[in-house]
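Novice: Structure supplied as entry-v6.txt; contents: compact mmCIF, C-alpha atoms.
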# COMPACT_ATOMS: atom_id res chain seq x y z
CA MET A 1 135.87 60.42 142.70
CA GLN A 2 135.43 60.69 138.97
CA ASP A 3 136.38 57.01 138.53
CA LEU A 4 133.84 56.05 141.18
CA LEU A 5 131.07 58.00 139.46
CA HIS A 6 132.03 56.52 136.10
CA SER A 7 131.64 53.07 137.62
CA PHE A 8 127.97 53.87 138.19
CA GLY A 9 127.47 54.57 134.50
CA ILE A 10 127.47 58.35 134.79
CA SER A 11 128.50 59.97 131.53
CA GLU A 12 131.41 62.38 131.19
CA ASN A 13 129.18 65.28 130.19
CA LEU A 14 126.79 64.74 133.09
CA LEU A 15 129.71 64.56 135.48
CA ASN A 16 131.56 67.64 134.21
CA TYR A 17 128.63 69.94 133.49
CA VAL A 18 126.11 68.99 136.17
CA LEU A 19 127.44 66.98 139.09
CA MET A 20 130.80 68.66 139.58
CA PRO A 21 129.43 72.23 139.42
CA LEU A 22 126.68 71.16 141.82
CA LEU A 23 129.26 69.67 144.18
CA ILE A 24 131.32 72.86 144.08
CA PHE A 25 128.21 74.97 144.65
CA VAL A 26 127.12 72.96 147.71
CA ALA A 27 130.64 72.81 149.14
CA ARG A 28 131.04 76.57 148.81
CA ILE A 29 127.74 77.15 150.60
CA GLY A 30 129.00 74.94 153.40
CA ASP A 31 132.39 76.56 153.91
CA VAL A 32 131.13 80.15 153.67
CA SER A 33 128.30 79.42 156.13
CA ILE A 34 130.76 77.86 158.55
CA ASN A 35 133.04 80.87 158.11
CA THR A 36 130.20 83.20 159.13
CA LEU A 37 129.48 81.13 162.23
CA ARG A 38 133.19 80.93 163.06
CA ILE A 39 133.50 84.71 163.00
CA MET A 40 130.38 85.01 165.15
CA PHE A 41 131.77 82.63 167.78
CA MET A 42 135.18 84.31 167.62
CA MET A 43 133.62 87.73 168.26
CA ASN A 44 131.87 86.25 171.29
CA GLY A 45 135.06 84.77 172.72
CA LYS A 46 134.22 81.08 172.11
CA LYS A 47 137.81 79.91 171.85
CA ASN A 48 137.08 76.17 171.99
CA ILE A 49 134.67 75.87 169.09
CA VAL A 50 136.34 78.32 166.68
CA PRO A 51 139.27 76.01 165.74
CA ILE A 52 136.86 73.14 165.06
CA LEU A 53 134.80 75.25 162.70
CA GLY A 54 138.00 76.55 161.08
CA PHE A 55 139.14 72.97 160.42
CA PHE A 56 135.94 72.01 158.61
CA GLU A 57 135.83 75.31 156.76
CA ALA A 58 139.35 74.79 155.38
CA MET A 59 138.68 71.14 154.52
CA ILE A 60 135.51 71.91 152.56
CA TRP A 61 137.20 74.82 150.78
CA LEU A 62 140.09 72.58 149.69
CA LEU A 63 137.64 70.03 148.31
CA ALA A 64 135.83 72.72 146.34
CA ILE A 65 138.96 74.39 144.95
CA GLY A 66 140.42 70.98 144.14
CA GLN A 67 137.46 70.17 141.92
CA ILE A 68 137.85 73.51 140.14
CA PHE A 69 141.49 72.74 139.34
CA GLN A 70 140.44 69.36 137.97
CA ASN A 71 137.83 71.07 135.79
CA VAL A 72 139.76 74.22 134.93
CA ASP A 73 138.34 74.31 131.39
CA ASN A 74 134.76 74.15 132.59
CA PRO A 75 133.25 77.66 133.02
CA LEU A 76 130.35 76.21 135.01
CA SER A 77 132.79 75.42 137.81
CA TYR A 78 133.60 79.10 138.24
CA ILE A 79 129.93 80.06 138.14
CA ALA A 80 129.13 77.40 140.73
CA TYR A 81 131.99 78.63 142.94
CA ALA A 82 130.81 82.25 142.83
CA GLY A 83 127.17 81.28 143.22
CA GLY A 84 128.00 79.09 146.20
CA PHE A 85 129.88 81.94 147.84
CA ALA A 86 126.94 84.32 147.42
CA THR A 87 124.40 81.78 148.63
CA GLY A 88 126.64 80.73 151.52
CA THR A 89 126.88 84.33 152.67
CA TYR A 90 123.10 84.57 152.79
CA VAL A 91 122.72 81.19 154.52
CA GLY A 92 125.39 82.09 157.07
CA MET A 93 123.73 85.40 157.92
CA THR A 94 120.36 83.66 158.27
CA LEU A 95 121.83 81.06 160.62
CA GLU A 96 123.53 83.76 162.64
CA GLU A 97 120.23 85.58 163.10
CA LYS A 98 118.37 82.40 164.04
CA LEU A 99 120.96 81.27 166.58
CA ALA A 100 121.14 84.71 168.23
CA ILE A 101 124.31 83.87 170.11
CA GLY A 102 126.01 86.51 172.21
CA ARG A 103 125.03 89.74 173.88
CA VAL A 104 124.37 93.26 172.75
CA LEU A 105 124.65 96.71 174.27
CA VAL A 106 121.49 98.75 173.74
CA ARG A 107 121.32 102.51 174.21
CA VAL A 108 117.93 104.19 174.30
CA ILE A 109 117.75 108.00 174.13
CA THR A 110 114.48 109.80 174.78
CA PRO A 111 113.48 113.38 175.65
CA GLU A 112 111.93 112.21 178.93
CA PRO A 113 112.46 109.26 181.31
CA LEU A 114 110.38 106.15 180.57
CA PRO A 115 109.18 104.74 183.91
CA GLU A 116 107.06 102.11 182.18
CA LEU A 117 110.11 100.77 180.34
CA LEU A 118 112.19 100.79 183.53
CA GLU A 119 109.50 98.85 185.36
CA PHE A 120 109.40 96.34 182.50
CA MET A 121 113.17 95.84 182.79
CA LYS A 122 113.05 95.49 186.57
CA ASN A 123 110.36 92.82 186.34
CA ARG A 124 112.60 90.82 183.99
CA ASN A 125 115.70 91.34 186.10
CA TYR A 126 117.58 93.32 183.45
CA ARG A 127 120.64 95.22 184.59
CA PHE A 128 120.60 98.79 183.32
CA THR A 129 121.90 102.30 183.86
CA ASN A 130 119.63 105.30 183.42
CA VAL A 131 121.18 108.78 183.36
CA GLY A 132 120.41 112.29 182.20
CA GLY A 133 122.26 113.99 179.39
CA GLU A 134 122.40 117.01 177.12
CA GLY A 135 121.33 116.83 173.49
CA ARG A 136 121.09 119.25 170.60
CA PHE A 137 117.64 120.40 171.66
CA GLY A 138 118.09 120.23 175.42
CA LYS A 139 117.89 117.62 178.15
CA VAL A 140 117.62 113.94 177.23
CA ASN A 141 117.40 110.62 179.06
CA LEU A 142 119.96 107.86 178.35
CA LEU A 143 119.29 104.21 179.13
CA PHE A 144 122.05 101.60 178.82
CA THR A 145 121.56 97.84 179.10
CA VAL A 146 123.29 94.60 178.05
CA MET A 147 121.18 91.58 177.13
CA LYS A 148 121.18 88.31 175.23
CA ARG A 149 120.49 88.69 171.53
CA ASP A 150 117.62 86.23 171.60
CA ILE A 151 115.56 88.57 173.80
CA LEU A 152 116.53 91.74 171.94
CA GLN A 153 113.45 91.82 169.72
CA GLU A 154 111.14 91.66 172.73
CA PHE A 155 112.93 94.59 174.33
CA ILE A 156 112.92 96.72 171.17
CA SER A 157 109.20 96.02 170.75
CA LYS A 158 108.61 97.29 174.28
CA VAL A 159 110.69 100.41 173.61
CA LYS A 160 108.60 101.20 170.53
CA GLU A 161 105.41 100.52 172.47
CA VAL A 162 106.38 102.99 175.18
CA ASP A 163 107.84 105.62 172.83
CA GLU A 164 107.63 104.98 169.10
CA LYS A 165 110.00 107.89 168.43
CA ALA A 166 112.70 106.67 170.82
CA PHE A 167 116.21 106.68 169.37
CA TYR A 168 118.24 103.54 170.06
CA THR A 169 121.51 101.95 169.01
CA ILE A 170 122.62 98.32 169.23
CA GLU A 171 126.20 97.03 169.39
CA SER A 172 127.69 93.56 169.81
CA VAL A 173 129.41 92.85 173.12
CA LYS A 174 132.28 90.36 173.27
CA ARG A 175 132.33 89.87 177.01
CA VAL A 176 130.89 91.24 180.26
CA SER A 177 132.22 91.08 183.80
CA GLU A 178 129.09 89.52 185.36
CA ASP A 179 128.36 86.36 183.37
CA GLU A 180 126.60 84.77 186.33
CA LEU A 181 123.63 87.12 185.94
CA ASN A 182 120.67 85.38 184.32
CA PRO A 183 119.87 88.10 181.75
CA MET A 184 123.45 87.93 180.53
CA GLU A 185 123.87 84.16 180.24
CA ASP A 186 125.21 83.37 176.81
CA ARG A 187 123.45 80.10 176.19
CA GLY A 188 121.21 81.36 173.42
CA ARG A 189 119.54 78.44 171.70
CA PHE A 190 122.50 76.11 172.17
CA ARG A 191 121.40 73.85 174.99
CA SER A 192 123.53 70.83 174.13
CA LYS A 193 126.47 69.76 176.24
CA PHE A 194 128.84 70.16 173.31
CA PHE A 195 128.16 73.86 172.84
CA SER A 196 127.99 74.59 176.55
CA LYS A 197 131.65 73.59 176.74
CA ALA A 198 132.50 76.48 174.45
CA ARG A 199 131.66 79.00 177.15
CA ASN A 200 134.56 80.66 178.97
Could you rewrite the structure in this file as structure tokens?
Specialist:
Amino acid sequence: MQDLLHSFGISENLLNYVLMPLLIFVARIGDVSINTLRIMFMMNGKKNIVPILGFFEAMIWLLAIGQIFQNVDNPLSYIAYAGGFATGTYVGMTLEEKLAIGRVLVRVITPEPLPELLEFMKNRNYRFTNVGGEGRFGKVNLLFTVMKRDILQEFISKVKEVDEKAFYTIESVKRVSEDELNPMEDRGRFRSKFFSKARN
């Protein structure tokens, strides 16, 4: 690669102190972002796409680390590597939030039942379980539901609208036993044929 860049008249200093660190930085962003997505798909049981992402992640990482070994005396290479890792972590988390793949278990605990919230969930065909319980200060109402992550924000907004002091928890769900139910379909924002093949 260095010989190719030299053939275009690029100087040694420009190559070693600008282009190579930049290449390492971009490559590191790529492989760390892919790693974040790979873990996300793995946690959601997408066995077909995980090895593909792992292949590209390893390939990009080897390219980046290879350039560092070729420029072992250049401190900018190490800075670019660390900076790419940090930036890639942020980019990966942002992509994960935007894609909103998978499902979550939501628990809502309130002092009293919330009929308005239950009616909202029935109208949208959510599956849920609503039971009574005992809390520190007496009787409480527990609501359990599983939903796609891309509709989570709408649901939480409704919970806060009905009871702004409602206590709720959210956990990732790897798999459910009734995937045929519309509210639990794990298509997210991946509508392409390629990603639909990743479903179990």
Novice: Check the smallest atom-to-atom distance from each of A:Gly133, A:Ile34, A:Leu63, A:Val18 to Pro51 in chain A using all atoms listed in the file, then report the winner.
Specialist: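 Checking each of A:Gly133, A:Ile34, A:Leu63, A:Val18 against Pro51 in chain A, counting all atoms listed in the file, the winner is A:Ile34.
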Novice: Could you work out an axis-aligned box for range 82-85 of chain A, taking every atom the file lists and adding 4 Å on each side, and report centre and edge lengths in Å to one decimal, as AutoDock Vina command-line options?
Specialist:
--center_x 129.0 --center_y 80.7 --center_z 145.3 --size_x 11.6 --size_y 11.2 --size_z 13.0
Novice: Given the choices A:Thr129, A:Ser157, A:Ser33, A:Thr89, which gets closest to Phe144 in chain A if the distance is worked out from all atoms listed in the file?
Specialist: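 For Phe144 in chain A, the nearest of the given residues is A:Thr129.
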Novice: Per residue of range 38-154 of chain A within 10 Å of range 162-174 of chain A, which atom pair is closest and at what distance in Å (one decimal), using all atoms listed in the file, listed by chain and increasing number, as a Markdown table?
Specialist:
| residue | atom | partner | partner_atom | distance |
| --- | --- | --- | --- | --- |
| A:Met40 | CA | A:Lys174 | CA | 9.9 |
| A:Phe41 | CA | A:Lys174 | CA | 9.5 |
| A:Met42 | CA | A:Lys174 | CA | 8.8 |
| A:Met43 | CA | A:Lys174 | CA | 5.8 |
| A:Asn44 | CA | A:Lys174 | CA | 4.6 |
| A:Gly45 | CA | A:Lys174 | CA | 6.3 |
| A:Lys46 | CA | A:Lys174 | CA | 9.6 |
| A:Gly102 | CA | A:Val173 | CA | 7.3 |
| A:Arg103 | CA | A:Val173 | CA | 5.4 |
| A:Val104 | CA | A:Ser172 | CA | 4.4 |
| A:Leu105 | CA | A:Glu171 | CA | 5.1 |
| A:Val106 | CA | A:Ile170 | CA | 4.7 |
| A:Arg107 | CA | A:Thr169 | CA | 5.2 |
| A:Val108 | CA | A:Tyr168 | CA | 4.3 |
| A:Ile109 | CA | A:Phe167 | CA | 5.2 |
| A:Thr110 | CA | A:Ala166 | CA | 5.4 |
| A:Pro111 | CA | A:Ala166 | CA | 8.3 |
| A:Glu112 | CA | A:Ala166 | CA | 9.9 |
| A:Leu114 | CA | A:Val162 | CA | 7.4 |
| A:Pro115 | CA | A:Val162 | CA | 9.3 |
| A:Glu116 | CA | A:Val162 | CA | 7.1 |
| A:Leu117 | CA | A:Val162 | CA | 6.7 |
| A:Leu142 | CA | A:Tyr168 | CA | 9.5 |
| A:Leu143 | CA | A:Tyr168 | CA | 9.2 |
| A:Phe144 | CA | A:Tyr168 | CA | 9.7 |
| A:Thr145 | CA | A:Ile170 | CA | 9.9 |
| A:Val146 | CA | A:Val173 | CA | 8.1 |
| A:Met147 | CA | A:Val173 | CA | 9.2 |
| A:Lys148 | CA | A:Val173 | CA | 9.6 |
| A:Arg149 | CA | A:Ser172 | CA | 8.9 |
| A:Leu152 | CA | A:Ile170 | CA | 9.4 |
Novice: Measure the distance from CA of Arg124 in chain A to CA of Lys158 in chain A in Å and round it to one decimal.
Specialist: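 Between CA of Arg124 in chain A and CA of Lys158 in chain A the gap works out to 12.3 Å.
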Novice: Pick out the closest residue to Ile29 in chain A from this set: A:Asn48, A:Val131, A:Asp73, A:Tyr81. Count all atoms listed in the file.
Specialist: A:Tyr81
Novice: Env of Tyr90 in chain A: 12 Å cut, atoms = all atoms listed in the file, seq-sep filter 4 positions within chain, self excluded. Answer as a ChimeraX atom specification.
Specialist: /A:28-30,32-37,83-86,94-97
Novice: Would you mind reading off the distance between CA of Ala27 in chain A and CA of Ala64 in chain A, one decimal, in Å?
Specialist: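 Here the two named atoms are 5.9 Å from each other.
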Novice: Can you tell me how far CA of Gly54 in chain A sits from CA of Ile68 in chain A, in Å to one decimal?
Specialist: 21.2 Å
Novice: Smallest atom-to-atom distance to Ile79 in chain A: which of A:Glu57, A:Leu99, A:Ile24, A:Gly92, using only C-alpha atoms?
Specialist: A:Ile24
Novice: I'd like to know which of A:Met121, A:Leu76, A:Phe25, A:Glu154 is closest to Trp61 in chain A, using all atoms listed in the file.
Specialist: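 Comparing A:Met121, A:Leu76, A:Phe25, A:Glu154 against Trp61 in chain A, the winner is A:Phe25.
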Novice: Which of these, A:Phe56, A:Ile49, A:Leu62, A:Val159, has the shortest distance to Glu119 in chain A once you count only C-alpha atoms?
Specialist: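 Looking at the shortest contact to Glu119 in chain A, the residue is A:Val159.
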Novice: Contacts of Pro75 in chain A at 12 Å or less, counting all atoms listed in the file, minus same-chain residues fewer than 5 places along, as a PDB file with C-alpha atoms, keeping the file's coordinate frame?
Specialist:
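This went into part-v5.pdb:
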ATOM      1  CA  ASN A  16     131.560  67.640 134.210  1.00  0.00           C
ATOM      2  CA  TYR A  17     128.630  69.940 133.490  1.00  0.00           C
ATOM      3  CA  VAL A  18     126.110  68.990 136.170  1.00  0.00           C
ATOM      4  CA  MET A  20     130.800  68.660 139.580  1.00  0.00           C
ATOM      5  CA  PRO A  21     129.430  72.230 139.420  1.00  0.00           C
ATOM      6  CA  ILE A  68     137.850  73.510 140.140  1.00  0.00           C
ATOM      7  CA  PHE A  69     141.490  72.740 139.340  1.00  0.00           C
ATOM      8  CA  ALA A  80     129.130  77.400 140.730  1.00  0.00           C
ATOM      9  CA  TYR A  81     131.990  78.630 142.940  1.00  0.00           C
ATOM     10  CA  ALA A  82     130.810  82.250 142.830  1.00  0.00           C
TER      11      ALA A  82
END
